[in-house]
Structure formats: structure tokens, C-alpha cells
Amino acid sequence: MSSTEKLEIKNYIGLTGDKPIKFIASDVDGTLVNDAKAIPEDAIEAIRAARESGIRVAIASGRAWNEMNDVIEKLPCLRYFMCTNGAYVMDKDENRSLFHVNFDKEQALYLLRKLLTYGVYVEAYVKDQIFGMYPPSRCITPERLNACASVRKAPNKKGSDSLMDNHLPSSMNHPQFGVTDEHLPGETHDRYALAESDEAAKATMSECEVEQSNFFFRPNIRPFILATRTMVCDLLAHMESLDEGPEKIQIFYGDEPMRQRILQDLRDEYQGLSHDGTGRERFYDVLLSSEGNLEFVLPHTTKGTAVEALAKHWGFSPDEVMTLGDSENDLSMLRFAGAGVAMGNAKPNIKEAARYETTDNNHHGVAKAIYSAIAHNDELNKTK
């Protein structure tokens, strides 16, 4: 999956400026991990080298806290995790939430009711848990199956098949979840036993669930999703039973016509338009993804706001921050940082928003960017 190029501390991306890089925030999917959902050894070595040189490194991801197991296992040195697009920030070492913001419960239920009418897979991020629900199997019509199959048979584009999957069957009477002193994501590796292969996961699933997961989740992310979601039979009722709203709502739509329909139907709401053309306050944004999903997030809570908050806490200016990303939900932090770095597998609009570009996530992209920061800092030290 990755190339065998020998890397060194070198300014691969042409980093410039008169301030050192003191803080690096990296996205995970499509950035830190390759298309096989593995963290390359060169990225691990580069992050260790950055920390040894005095650079702080943190994660900024759309993933929930309980989806960080693989990152923690490979990079136990990392302490700070900006999860759910910045809505849930965790200090791993102290096992506590530094920042948490969520949807108003009634507004979230309003949005859930709408999304559940489309016959798509819907899930809600609640602190360190993701609760999901498949639609009735009758919603997957022959027309939708054909549309989905035609898209997946098309020539593969960078990042186009990088969905993440997880699934744990559950009854509706699930305990209320919160971060406790006894619960770290790294302690739940048994869940990933379901994800070691599709066959292992399918052994615990009904025929209907297998059909649903095959339709909504792309092959390379299906094992991950099947291992990390908690499925409920009535998502709306489950969310009504909780004390507060979720940090994020997400759907996997299955076929491209359905994605277009949903975006068209909800356009005025997420663009903040009224039917008469005047403006109105919107309570959610929609983030498009190349992974077969749409993310419904709070409009003023982003990876960028989380990165900015951590930088200010440590006394760093934007020019002392490097961010790495490939997707639309990375735009805010790429624009904030003085050294915003787009991955080579990012779409053109992401690359245009970033000041720098590195190679793709299968060819040392993260490692080259980090080594560039170290080399840049070394060069500044020589001129002092």
C-alpha cells in the first residue's frame, strides 16, 4: 500500500516563515491512515521524532472517541484528541473531556425525524459512543442497488472508498453512556475482534443486517464500522431517552441519487435560507464526504475552532501551527494554521485552501510534512 522511499529530516514541502512549528494537528482518515486504514510506520516514526524535537502533536478527526483505539495502540505517546470534528476534545492521559458541545436535544430530534424518512443508515455521536440504525430492508430497492453498484464499479479515485464501519447489536435498553475513569477507548479492543474480517463480523449478524451493511458501507471501512457502532432498533426513541443531544449526526446514503435528493431537500436549512429568500439562523452544517456519508454538525464547532483553542491554551500563534488534512471537514483547520498542509489525495478545493501540499496518504504524506516541520525548525535554530 505504501511506497518504500527512504525518508529523512528534510523540508519536502518547501515550508517557509520566520517562526518555528510548535504544534501539529493531523486528521486521521485519508491522512494519517492509508487506504487500508493502517497507520504507516513512517508516520509513527515521524510523529515520535517531532515530539522528541519539542513539537506538540494532536489528532483532529471526525471520528468519535471510541473510534481512536487503533491510533492509541500505535501512538500511545499522543495525549490530545479532538474528536467528532472538534465537538469532543479528550485528554487521554487524564481520561477527561476538555471540551464538549452538543446539539440542542429538540433540534437534533427534529433533524433525526427528517433523515429517518429517507431510507438511509442513520447514526448519532454521543460522547464516546455511536448509536446507529439501519432502515427497513424494503428501502433498498432494485433501483438503489443498481445505482450503488454502478458507482462502486467506477474507476477508483483517491479516497473514494475510505468509509469506516462498526457494528455491535444492542437492545434498546442500553445504559446511559459517558466518559468514566474506568473507560478508555484503548480498553475496548475486544470490539475489534468483530472487525478482523467480514466473515467474523457477519457471524454475529442476521441476513438482513449483512445485506444492509454491504449496501451502505464500502468494503474497506465495513469492518471498522461493524466493530464500533452500537445498533439500536429505534434510534429516535433511544435519543429521546438520553439527557442531551448528540455532538454529530451522520448518514450513509448508499447510492448517489439519494445523496443528491437529501442535499436538495435540506439545502435551505443548512444554508440558512428561508422560503422567501431571506436569511435565518441555521442550527447545522452539512459536510460532504467521499466516503459515502454526510455529516450533520454544529455550524460553529469545527476542527479549526478546536485547534485554535488548544493553540491559544499553549500560547501558540497560527504561524506556529501545522495542520494536515484531506477532506471538507478539515478546511477550517487548514485555513487557521499558518502551515495548512493538504494531502495529495485531497480534492482540488481542499488543496486550494491549504498553503502547502504533501504526497498522498499511501506515499508518506504525513511523514513528509512532519519531517518538513522538523527541518524548518532546525534551519531557524541555525540562524539564531
# chains A, B, ... in the order shown; residues from 1 in each chain; ligands from 1
>>> residues_around(residues="region 123-126 of chain A", least_positions_apart="3", cutoff="7 Å", atoms="only C-alpha atoms", output="list in words")
Ala64, Gln129, Ile130, Phe131, Gly132, Met133, Pro246, Glu247, Lys248, Ile249, Gln250 and Ile251 of chain A
>>> write_last_selection(atoms="C-alpha atoms", output="mmCIF file, in the first residue's frame")
data_model
loop_
_atom_site.group_PDB
_atom_site.id
_atom_site.type_symbol
_atom_site.label_atom_id
_atom_site.label_comp_id
_atom_site.auth_asym_id
_atom_site.auth_seq_id
_atom_site.Cartn_x
_atom_site.Cartn_y
_atom_site.Cartn_z
ATOM 1 C CA ALA A 64 -15.724 9.601 17.864
ATOM 2 C CA GLN A 129 -20.477 6.153 21.729
ATOM 3 C CA ILE A 130 -22.084 5.978 18.283
ATOM 4 C CA PHE A 131 -25.659 4.732 18.127
ATOM 5 C CA GLY A 132 -26.839 3.579 14.706
ATOM 6 C CA MET A 133 -29.906 2.198 12.965
ATOM 7 C CA PRO A 246 -25.600 14.323 20.182
ATOM 8 C CA GLU A 247 -22.430 16.074 19.035
ATOM 9 C CA LYS A 248 -22.950 14.895 15.451
ATOM 10 C CA ILE A 249 -25.495 13.095 13.301
ATOM 11 C CA GLN A 250 -24.267 11.114 10.319
ATOM 12 C CA ILE A 251 -25.845 9.149 7.499
#
>>> closest_residue(among="A:Arg138, A:Arg218, A:Arg335, A:Lys37", to="Lys303 (chain A)", atoms="only C-alpha atoms")
A:Arg335
>>> atom_distance(atom1="CA of Val307 (chain A)", atom2="CA of Ala354 (chain A)")
15.3 Å
>>> closest_residue(among="A:Leu115, A:Ile140, A:Ala306, A:Ala339", to="Met82 (chain A)", atoms="only C-alpha atoms")
A:Ala306
>>> atom_distance(atom1="CA of Ala149 (chain A)", atom2="CA of His363 (chain A)")
28.7 Å
